[in-house]
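Chemist: upload_11.cif is the file, holding mmCIF, C-alpha atoms:
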```
data_input
loop_
_atom_site.label_atom_id
_atom_site.label_comp_id
_atom_site.auth_asym_id
_atom_site.auth_seq_id
_atom_site.Cartn_x
_atom_site.Cartn_y
_atom_site.Cartn_z
CA MET A 1 13.62 65.28 21.05
CA LYS A 2 11.63 66.37 24.08
CA SER A 3 7.91 65.88 24.28
CA LEU A 4 5.56 68.50 25.65
CA PHE A 5 5.48 66.88 29.07
CA THR A 6 9.24 66.54 29.20
CA ILE A 7 9.52 70.26 28.52
CA PHE A 8 7.12 71.00 31.38
CA LEU A 9 8.89 68.48 33.64
CA LEU A 10 5.75 66.47 33.95
CA LEU A 11 4.97 62.77 34.01
CA CYS A 12 7.39 59.92 33.31
CA SER A 13 4.77 57.25 32.78
CA ILE A 14 1.10 56.91 32.03
CA GLY A 15 -0.99 57.59 35.12
CA PHE A 16 -4.16 59.38 36.08
CA SER A 17 -6.76 59.64 38.82
CA PHE A 18 -10.26 61.00 38.77
CA GLY A 19 -12.65 62.51 41.18
CA GLN A 20 -16.22 62.99 40.09
CA THR A 21 -16.49 63.16 36.31
CA LYS A 22 -19.14 64.85 34.19
CA PRO A 23 -20.50 63.79 30.80
CA ILE A 24 -18.80 65.68 27.99
CA PRO A 25 -21.23 67.63 25.77
CA GLU A 26 -20.98 67.13 22.02
CA ASN A 27 -20.19 70.80 21.39
CA ILE A 28 -17.20 70.55 23.73
CA LYS A 29 -15.99 67.45 21.91
CA THR A 30 -16.19 69.30 18.60
CA LEU A 31 -14.17 72.21 19.98
CA PHE A 32 -11.37 70.13 21.51
CA GLU A 33 -11.09 67.13 19.19
CA GLY A 34 -8.19 67.03 16.75
CA LYS A 35 -4.46 67.68 16.51
CA TRP A 36 -2.86 70.84 17.90
CA ILE A 37 0.65 72.18 17.31
CA ILE A 38 3.03 74.79 18.67
CA VAL A 39 6.01 75.87 16.59
CA THR A 40 9.14 77.14 18.35
CA LYS A 41 12.48 78.26 17.00
CA TYR A 42 13.99 74.81 17.27
CA GLN A 43 11.11 72.33 17.04
CA THR A 44 7.39 71.66 16.61
CA ASN A 45 5.39 69.94 19.33
CA THR A 46 2.08 68.21 18.63
CA VAL A 47 -0.70 67.02 20.90
CA GLU A 48 -3.93 65.24 19.99
CA ILE A 49 -7.28 65.06 21.78
CA LYS A 50 -9.72 62.22 21.08
CA PHE A 51 -13.13 61.21 22.41
CA GLU A 52 -14.32 57.61 22.51
CA LYS A 53 -17.99 56.68 22.35
CA GLY A 54 -19.46 55.94 25.77
CA LYS A 55 -16.49 57.36 27.70
CA ASP A 56 -16.80 60.29 30.12
CA TYR A 57 -13.23 61.42 29.56
CA ALA A 58 -11.02 62.66 26.75
CA THR A 59 -7.86 60.89 25.65
CA PHE A 60 -4.94 63.31 25.55
CA ILE A 61 -1.91 62.20 23.51
CA ASP A 62 1.37 64.06 23.78
CA ILE A 63 3.03 63.29 20.43
CA GLY A 64 5.84 65.79 20.92
CA THR A 65 8.18 65.98 17.95
CA GLY A 66 7.31 62.43 16.94
CA GLU A 67 10.74 61.01 17.67
CA ALA A 68 9.81 59.44 21.01
CA PRO A 69 6.84 57.25 21.95
CA PRO A 70 3.71 59.32 22.69
CA ILE A 71 2.51 59.88 26.25
CA ILE A 72 -1.16 59.17 26.87
CA LEU A 73 -3.35 60.70 29.60
CA HIS A 74 -7.06 60.93 30.32
CA ALA A 75 -8.75 64.27 30.95
CA SER A 76 -12.10 64.81 32.68
CA PHE A 77 -14.58 67.54 31.83
CA ASP A 78 -15.00 70.42 34.27
CA GLY A 79 -17.16 73.35 33.24
CA ASN A 80 -15.77 74.58 29.93
CA LYS A 81 -12.35 72.95 30.24
CA LEU A 82 -10.63 69.59 30.26
CA VAL A 83 -8.65 68.72 33.38
CA ILE A 84 -5.88 66.21 34.05
CA PRO A 85 -5.66 65.79 37.85
CA ALA A 86 -2.30 65.86 39.59
CA GLU A 87 -0.80 62.57 40.74
CA THR A 88 2.13 62.07 43.06
CA HIS A 89 5.50 61.54 41.36
CA LYS A 90 3.79 61.46 38.00
CA ASN A 91 2.30 64.72 36.80
CA ASP A 92 1.23 68.18 37.89
CA TYR A 93 -2.25 69.59 37.48
CA VAL A 94 -3.15 70.31 33.84
CA GLU A 95 -6.12 72.14 32.38
CA MET A 96 -7.04 72.96 28.78
CA MET A 97 -9.42 75.57 27.43
CA ILE A 98 -10.42 76.77 23.96
CA LYS A 99 -10.08 80.51 23.43
CA ASN A 100 -10.48 82.23 20.07
CA GLY A 101 -10.17 78.88 18.32
CA ARG A 102 -6.88 78.00 20.05
CA LEU A 103 -6.01 75.49 22.73
CA VAL A 104 -4.75 77.16 25.91
CA PHE A 105 -2.70 74.56 27.76
CA LYS A 106 -1.89 75.31 31.42
CA THR A 107 0.29 73.41 33.87
CA ILE A 108 0.29 74.38 37.53
CA PRO A 109 2.65 72.88 40.17
CA THR A 110 0.71 71.42 43.11
CA ILE A 111 1.66 70.42 46.63
CA GLN A 112 0.42 67.23 48.26
CA LYS A 113 -0.88 67.60 51.82
CA GLU A 114 -0.39 65.12 54.66
CA ASP A 115 -3.79 63.54 54.09
CA GLY A 116 -2.83 62.67 50.51
CA THR A 117 -4.94 65.38 48.89
CA PHE A 118 -3.53 68.26 46.85
CA GLU A 119 -3.62 71.93 47.65
CA LYS A 120 -5.64 74.08 45.33
CA PRO A 121 -3.53 75.00 42.27
CA ASP A 122 -1.93 78.39 42.60
CA GLU A 123 -2.57 80.20 39.33
CA LYS A 124 0.20 82.70 40.08
CA HIS A 125 2.68 79.96 39.16
CA LEU A 126 0.93 78.57 36.12
CA LEU A 127 2.73 77.97 32.86
CA SER A 128 0.53 78.71 29.86
CA THR A 129 1.11 77.62 26.26
CA VAL A 130 -1.11 78.25 23.24
CA PHE A 131 -1.58 75.64 20.50
CA THR A 132 -3.01 76.13 17.02
CA LYS A 133 -5.33 73.51 15.55
CA VAL A 134 -4.08 71.48 12.60
CA PRO A 135 -6.78 71.68 9.89
CA LEU A 136 -8.20 68.38 8.67
CA SER A 137 -7.24 67.31 5.20
CA ALA A 138 -10.06 66.48 2.79
CA GLN A 139 -9.32 62.80 3.34
CA GLU A 140 -9.42 63.08 7.13
CA SER A 141 -12.67 65.02 6.94
CA TYR A 142 -14.20 62.28 4.77
CA ASP A 143 -13.01 59.57 7.17
CA LYS A 144 -14.52 61.41 10.11
CA LYS A 145 -17.93 61.79 8.44
CA PHE A 146 -17.99 58.15 7.37
CA LEU A 147 -17.11 56.84 10.82
CA LYS A 148 -19.66 59.18 12.40
CA ILE A 149 -22.68 57.92 10.42
CA VAL A 150 -21.67 54.27 10.91
CA ASN A 151 -21.13 54.68 14.67
CA GLU A 152 -24.44 56.54 15.02
CA TYR A 153 -26.30 53.79 13.17
CA GLU A 154 -24.61 51.13 15.28
CA GLU A 155 -25.55 52.84 18.51
CA LYS A 156 -29.19 53.39 17.53
CA ALA A 157 -29.63 49.92 16.01
CA THR A 158 -28.48 48.18 19.19
CA THR A 159 -30.75 50.20 21.49
CA SER A 160 -33.96 50.33 19.44
CA THR A 161 -35.60 48.00 16.93
CA GLU A 162 -39.06 49.62 16.92
CA ASN A 163 -38.24 52.04 14.08
CA ASP A 164 -35.75 49.75 12.41
CA SER A 165 -37.02 50.23 8.85
CA ILE A 166 -36.89 54.04 9.11
CA LEU A 167 -33.49 53.89 10.78
CA ARG A 168 -32.17 51.60 8.05
CA LEU A 169 -33.48 53.80 5.23
CA ASN A 170 -31.93 56.91 6.77
CA PHE A 171 -28.63 55.11 7.20
CA GLU A 172 -28.68 53.88 3.59
CA LYS A 173 -29.30 57.40 2.33
CA GLU A 174 -26.36 58.85 4.28
CA PHE A 175 -24.13 55.91 3.41
CA GLU A 176 -24.87 56.22 -0.29
CA THR A 177 -24.29 59.98 -0.26
CA LEU A 178 -20.82 59.51 1.18
CA ILE A 179 -19.69 56.74 -1.15
CA THR A 180 -20.89 58.55 -4.27
CA ASN A 181 -20.45 62.27 -3.77
CA SER A 182 -17.04 62.19 -2.17
CA LYS A 183 -14.00 62.42 -4.40
CA LEU A 184 -11.91 60.61 -1.82
CA PRO A 185 -13.46 57.26 -0.78
CA GLN A 186 -10.01 55.81 -0.18
CA PHE A 187 -9.89 55.85 3.60
CA SER A 188 -8.49 53.20 5.88
CA ALA A 189 -11.26 51.36 7.71
CA LYS A 190 -8.89 50.11 10.40
CA GLU A 191 -11.00 51.35 13.29
CA LEU A 192 -14.15 49.66 12.03
CA GLN A 193 -12.36 46.61 10.66
CA GLN A 194 -11.18 45.80 14.19
CA LYS A 195 -14.82 45.64 15.28
CA CYS A 196 -15.33 42.57 13.12
CA ASP A 197 -13.85 40.52 15.95
CA THR A 198 -15.76 42.17 18.79
CA SER A 199 -19.26 43.14 17.63
CA ALA A 200 -22.07 42.39 15.24
CA PHE A 201 -21.01 45.29 13.02
CA CYS A 202 -18.33 44.95 10.41
CA LEU A 203 -17.18 46.97 7.42
CA LYS A 204 -15.29 45.56 4.43
CA ILE A 205 -13.95 47.78 1.67
CA GLN A 206 -12.03 46.52 -1.37
CA LYS A 207 -10.89 48.19 -4.57
CA SER A 208 -10.61 46.45 -7.91
CA GLU A 209 -7.10 46.09 -9.26
CA ASP A 210 -7.48 49.02 -11.66
CA LYS A 211 -9.10 51.11 -8.87
CA ASN A 212 -12.18 51.80 -11.00
CA PHE A 213 -14.54 49.83 -8.76
CA ILE A 214 -14.96 49.84 -4.98
CA LEU A 215 -16.79 47.14 -3.00
CA TYR A 216 -18.52 48.05 0.27
CA THR A 217 -20.07 45.50 2.60
CA TYR A 218 -21.38 46.77 5.90
CA THR A 219 -22.75 44.06 8.18
CA SER A 220 -25.31 44.93 10.85
CA GLN A 221 -27.22 42.67 13.18
CA PHE A 222 -30.04 42.28 10.66
CA TYR A 223 -28.72 43.27 7.23
CA HIS A 224 -25.83 43.22 4.84
CA PHE A 225 -25.48 46.54 3.03
CA ASN A 226 -23.73 45.63 -0.24
CA TYR A 227 -22.57 48.18 -2.80
CA ILE A 228 -20.34 48.37 -5.86
CA THR A 229 -19.36 51.87 -7.00
CA LYS A 230 -17.60 52.91 -10.18
CA ALA A 231 -15.31 55.92 -10.58
CA ILE A 232 -16.71 58.69 -12.79
CA LYS A 233 -13.79 60.44 -14.46
CA GLU A 234 -13.37 63.78 -16.17
CA ASN A 235 -10.08 64.65 -17.89
CA ASN A 236 -8.62 61.45 -16.40
CA LYS A 237 -9.43 62.65 -12.88
CA ILE A 238 -12.03 61.09 -10.56
CA LYS A 239 -14.99 63.44 -10.28
CA SER A 240 -17.29 61.24 -8.21
CA TYR A 241 -18.52 57.65 -7.84
CA LYS A 242 -21.69 56.01 -9.11
CA ILE A 243 -23.45 53.04 -7.51
CA VAL A 244 -23.62 50.36 -10.20
CA LEU A 245 -24.81 47.51 -7.97
CA LYS A 246 -26.72 47.49 -4.70
CA ASP A 247 -27.99 44.35 -2.99
CA ASN A 248 -28.90 44.39 0.69
CA LYS A 249 -29.65 40.90 1.94
CA TRP A 250 -29.93 38.86 5.12
CA HIS A 251 -27.35 36.12 4.63
CA GLU A 252 -25.41 37.05 1.46
CA TYR A 253 -22.63 39.60 1.30
CA PHE A 254 -20.10 40.76 -1.28
CA THR A 255 -16.51 39.64 -0.71
CA GLN A 256 -14.45 40.40 -3.87
CA ILE A 257 -14.51 42.74 -6.87
CA HIS A 258 -12.23 42.29 -9.92
CA THR A 259 -12.11 44.11 -13.26
CA LEU A 260 -12.19 41.78 -16.28
CA ASN A 261 -12.09 44.45 -19.00
CA ASN A 262 -13.46 47.90 -19.78
CA ASN A 263 -17.06 46.65 -19.82
CA GLU A 264 -17.09 43.75 -17.35
CA PHE A 265 -16.31 42.98 -13.74
CA LEU A 266 -16.27 39.80 -11.66
CA LEU A 267 -18.14 39.79 -8.35
CA ILE A 268 -17.78 37.12 -5.67
CA GLU A 269 -20.21 36.90 -2.79
CA GLN A 270 -20.71 34.54 0.13
CA ARG A 271 -23.71 33.08 1.93
CA ASP A 272 -23.40 31.78 5.47
CA ASP A 273 -25.94 29.51 7.09
CA LEU A 274 -25.87 27.64 10.37
CA VAL A 275 -24.12 24.55 9.04
CA PHE A 276 -22.92 25.42 5.52
CA SER A 277 -21.44 28.22 3.41
CA CYS A 278 -21.61 28.95 -0.30
CA ASN A 279 -19.51 31.21 -2.50
CA TYR A 280 -20.91 32.53 -5.78
CA ALA A 281 -19.16 34.21 -8.71
CA TYR A 282 -20.94 36.45 -11.24
CA VAL A 283 -19.80 38.38 -14.27
CA TYR A 284 -21.51 41.73 -14.82
CA GLN A 285 -21.45 43.29 -18.27
CA LEU A 286 -22.20 46.91 -19.16
CA SER A 287 -25.44 47.06 -21.16
CA GLY A 288 -26.39 50.62 -22.04
CA ILE A 289 -25.96 52.52 -18.77
CA LYS A 290 -26.47 49.51 -16.46
CA TYR A 291 -24.47 46.43 -15.52
CA LYS A 292 -26.29 43.12 -15.94
CA LYS A 293 -25.38 39.50 -15.22
CA LYS A 294 -24.24 37.45 -18.20
CA LYS A 295 -24.01 33.70 -18.75
CA ALA A 296 -20.28 33.56 -18.24
CA PHE A 297 -19.94 30.10 -16.64
CA GLU A 298 -20.51 27.84 -19.63
CA ASN A 299 -24.27 28.40 -19.93
CA ARG A 300 -24.89 29.53 -16.34
CA PHE A 301 -25.22 32.96 -14.75
CA ASP A 302 -23.17 31.97 -11.71
CA LEU A 303 -20.49 29.68 -10.36
CA THR A 304 -21.63 27.99 -7.13
CA ILE A 305 -19.24 26.49 -4.58
CA CYS A 306 -20.79 25.08 -1.38
CA ASN A 307 -19.64 22.99 1.55
CA PHE A 308 -20.77 22.06 5.04
CA THR A 309 -18.87 23.95 7.74
CA GLU A 310 -20.46 22.17 10.71
CA ILE A 311 -21.13 18.42 10.62
CA GLU A 312 -22.82 16.55 13.49
CA ASP A 313 -23.19 12.87 14.45
CA LEU A 314 -20.19 11.61 12.52
CA PRO A 315 -19.49 7.89 12.99
CA ASN A 316 -16.25 6.88 14.75
CA THR A 317 -15.63 10.42 16.01
CA ASN A 318 -15.70 11.88 19.48
CA PRO A 319 -17.66 14.04 20.24
CA GLY A 320 -19.16 13.39 16.81
CA HIS A 321 -18.75 16.95 15.55
CA LEU A 322 -16.53 18.40 12.84
CA SER A 323 -15.88 22.02 11.86
CA LEU A 324 -14.61 22.69 8.34
CA PRO A 325 -13.28 25.88 6.71
CA VAL A 326 -15.33 27.69 4.09
CA ARG A 327 -14.42 26.65 0.54
CA GLU A 328 -13.60 29.91 -1.20
CA ILE A 329 -13.24 31.16 -4.77
CA ALA A 330 -9.94 32.75 -5.79
CA PHE A 331 -9.14 34.93 -8.78
CA ASP A 332 -5.78 35.57 -10.46
CA TYR A 333 -6.21 39.05 -11.91
CA LYS A 334 -3.05 39.04 -14.01
CA ASN A 335 -3.90 35.79 -15.82
CA LYS A 336 -7.71 36.12 -15.49
CA ILE A 337 -7.97 32.66 -13.90
CA ILE A 338 -10.70 31.68 -11.45
CA SER A 339 -10.25 28.64 -9.16
CA TYR A 340 -11.54 26.89 -6.07
CA GLY A 341 -9.21 23.89 -5.68
CA ARG A 342 -10.13 20.22 -5.78
CA CYS A 343 -13.72 19.03 -5.63
CA PHE A 344 -15.26 15.58 -5.16
CA ASP A 345 -18.17 14.88 -7.51
CA PRO A 346 -20.51 12.36 -5.83
CA ASP A 347 -22.28 11.71 -9.14
CA THR A 348 -19.14 10.45 -10.89
CA GLY A 349 -17.09 9.45 -7.85
CA LYS A 350 -14.16 11.49 -9.22
CA THR A 351 -12.14 14.36 -7.83
CA THR A 352 -11.62 17.28 -10.19
CA THR A 353 -9.77 20.59 -10.02
CA GLY A 354 -11.84 23.74 -10.36
CA LYS A 355 -9.76 26.13 -12.45
CA ALA A 356 -10.47 28.09 -15.62
CA LYS A 357 -9.24 31.09 -17.62
CA TYR A 358 -11.59 33.83 -18.81
CA LYS A 359 -11.62 33.16 -22.54
CA ASN A 360 -14.06 34.29 -25.22
CA GLY A 361 -16.20 35.89 -22.54
CA LYS A 362 -16.62 32.70 -20.49
CA PHE A 363 -15.11 30.51 -17.75
CA ALA A 364 -15.21 26.79 -18.62
CA ILE A 365 -15.69 25.59 -15.04
CA LYS A 366 -18.18 23.40 -13.14
CA ASP A 367 -20.00 24.05 -9.90
CA CYS A 368 -18.93 22.24 -6.74
CA ASP A 369 -21.44 21.37 -4.02
CA GLU A 370 -19.78 19.10 -1.48
CA ARG A 371 -22.89 19.06 0.68
CA LYS A 372 -24.16 16.19 -1.49
CA PHE A 373 -21.33 14.02 -0.22
CA PHE A 374 -22.71 14.12 3.35
CA GLU A 375 -26.38 13.76 2.50
#
```
Transcribe the structure of this file into structure tokens.

Modeler:
Amino acid sequence: MKSLFTIFLLLCSIGFSFGQTKPIPENIKTLFEGKWIIVTKYQTNTVEIKFEKGKDYATFIDIGTGEAPPIILHASFDGNKLVIPAETHKNDYVEMMIKNGRLVFKTIPTIQKEDGTFEKPDEKHLLSTVFTKVPLSAQESYDKKFLKIVNEYEEKATTSTENDSILRLNFEKEFETLITNSKLPQFSAKELQQKCDTSAFCLKIQKSEDKNFILYTYTSQFYHFNYITKAIKENNKIKSYKIVLKDNKWHEYFTQIHTLNNNEFLLIEQRDDLVFSCNYAYVYQLSGIKYKKKKAFENRFDLTICNFTEIEDLPNTNPGHLSLPVREIAFDYKNKIISYGRCFDPDTGKTTTGKAKYKNGKFAIKDCDERKFFE
């Protein structure tokens, strides 16, 4: 099926050129951003307009009918409209305006002069099409709000540390409002998850197997914001979510959440230091209206698994440095088995296997701290 630009006999490949660009005001971004459609007798064409943080242009995506790869262009801001400049053998001049809540899309053929510049577009020959905005679903609206508060915090945190405590408290308040009051905290964090590889900010979200608990760990330059929420149901439908555990630390962060039974859940968290990492497992039991730790690992409140990840000055090695992976804790939800693999016990000189089933409210399993082996 034809895309919008094919219909208008426009570009065949991605290409754009800019003159002087102007910063795009936030109110303009709000007006233009989103998906827009036009329905004809034979087909529906869709376009999408996006704005990236720190960019002085809009990304225009011609989705068309969705059967062909989308065409992507960049549009600059000019007055109250977005403009895609003409480029030889690629595309004609394009401008977009918002009128009465609709996107007015205009294409105007242009003629290139001998000096390589284009003649002023002749509006007598313009082709105008009107698009209607596709309303956001409740889920998309939730995603947008969540990404907005996280991106705003990220931007402010990296440019100012003077009011860090106030900034952090405001962020926590907004963050907690979204993860508790919304009925739809199920969004994909793909956009933020990709940042884990490129910035100091990272978001991890994981649901328990029965979907009753949700784990949130948001990592900033200075803090880990850790939350566990529980679904509050009414007539078997989720009404909202309640924060049942909150622990914002410097080095430790939540990594896994698993439901053990109606009154208990298993939490696994990790601590990273310069040369070692530790993983901890805890069982939380409902006591009244709160969840509290219980002695679920023989007679201990936690299971501790530690190992060096960076070892220096090793004999008979060149350059005398060794990097090791983090020893992690795994959990088999179906069989309720916790494990961490084989562990060398320097006290006994034996190697044991860390594996145990949740039975009678406990895991019969020992700690494993391999750092002792290198001391």

Chemist: For Ala296 in chain A, work out the shell of residues within 12 Å, counting all atoms listed in the file and skipping chain neighbours fewer than 4 positions away, then give it as a list in words.

Modeler: Leu260, Glu264, Phe265, Leu266, Leu267, Ala281, Tyr282, Val283, Tyr284, Gln285, Lys292, Arg300, Phe301, Asp302, Leu303, Ile338, Ala356, Lys357, Tyr358, Lys359, Asn360, Gly361, Lys362, Phe363, Ala364, Ile365 and Lys366 of chain A

Chemist: Could you check how far CA of Arg168 in chain A sits from CA of Ile232 in chain A, in Å to one decimal?

Modeler: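 Straight-line distance from CA of Arg168 in chain A to CA of Ile232 in chain A works out to 26.9 Å.
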
Chemist: Please provide the set of residues having any atom within 6 Å of Leu103 in chain A, restricted to only C-alpha atoms, with same-chain residues fewer than 6 positions apart removed, written as a PyMOL selection string.

Modeler: chain A and resi 97+130-131

Chemist: Translate the PyMOL selection byres ((chain A and resi 329) around 9), as applied to the file shown, into an explicit residue set as an MDAnalysis selection string.

Modeler: chainID A and resid 268 279:281 305 327:328 330:331 338:341

Chemist: Can you turn the PyMOL selection byres ((chain A and resi 23-26) around 12) into a concrete residue list for this file, as a list of chain:residue names?

Modeler: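 Output of the PyMOL selection byres ((chain A and resi 23-26) around 12): A:Gln20, A:Thr21, A:Lys22, A:Asn27, A:Ile28, A:Lys29, A:Thr30, A:Leu31, A:Phe32, A:Glu33, A:Lys50, A:Phe51, A:Glu52, A:Lys53, A:Gly54, A:Lys55, A:Asp56, A:Tyr57, A:Ala58, A:Ala75, A:Ser76, A:Phe77, A:Asp78, A:Gly79, A:Asn80, A:Lys81, A:Leu82, A:Val83.
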
Chemist: Using all atoms listed in the file, which protein or nucleic acid residues come within 10 Å of range 216-230 of chain A? Drop anything in the same chain fewer than 4 positions from it, and give the result as a PyMOL selection string.

Modeler: chain A and resi 150+153-154+157-158+164+168+172+175-176+179-180+192+196+199-208+211-212+238+240-257+267+269
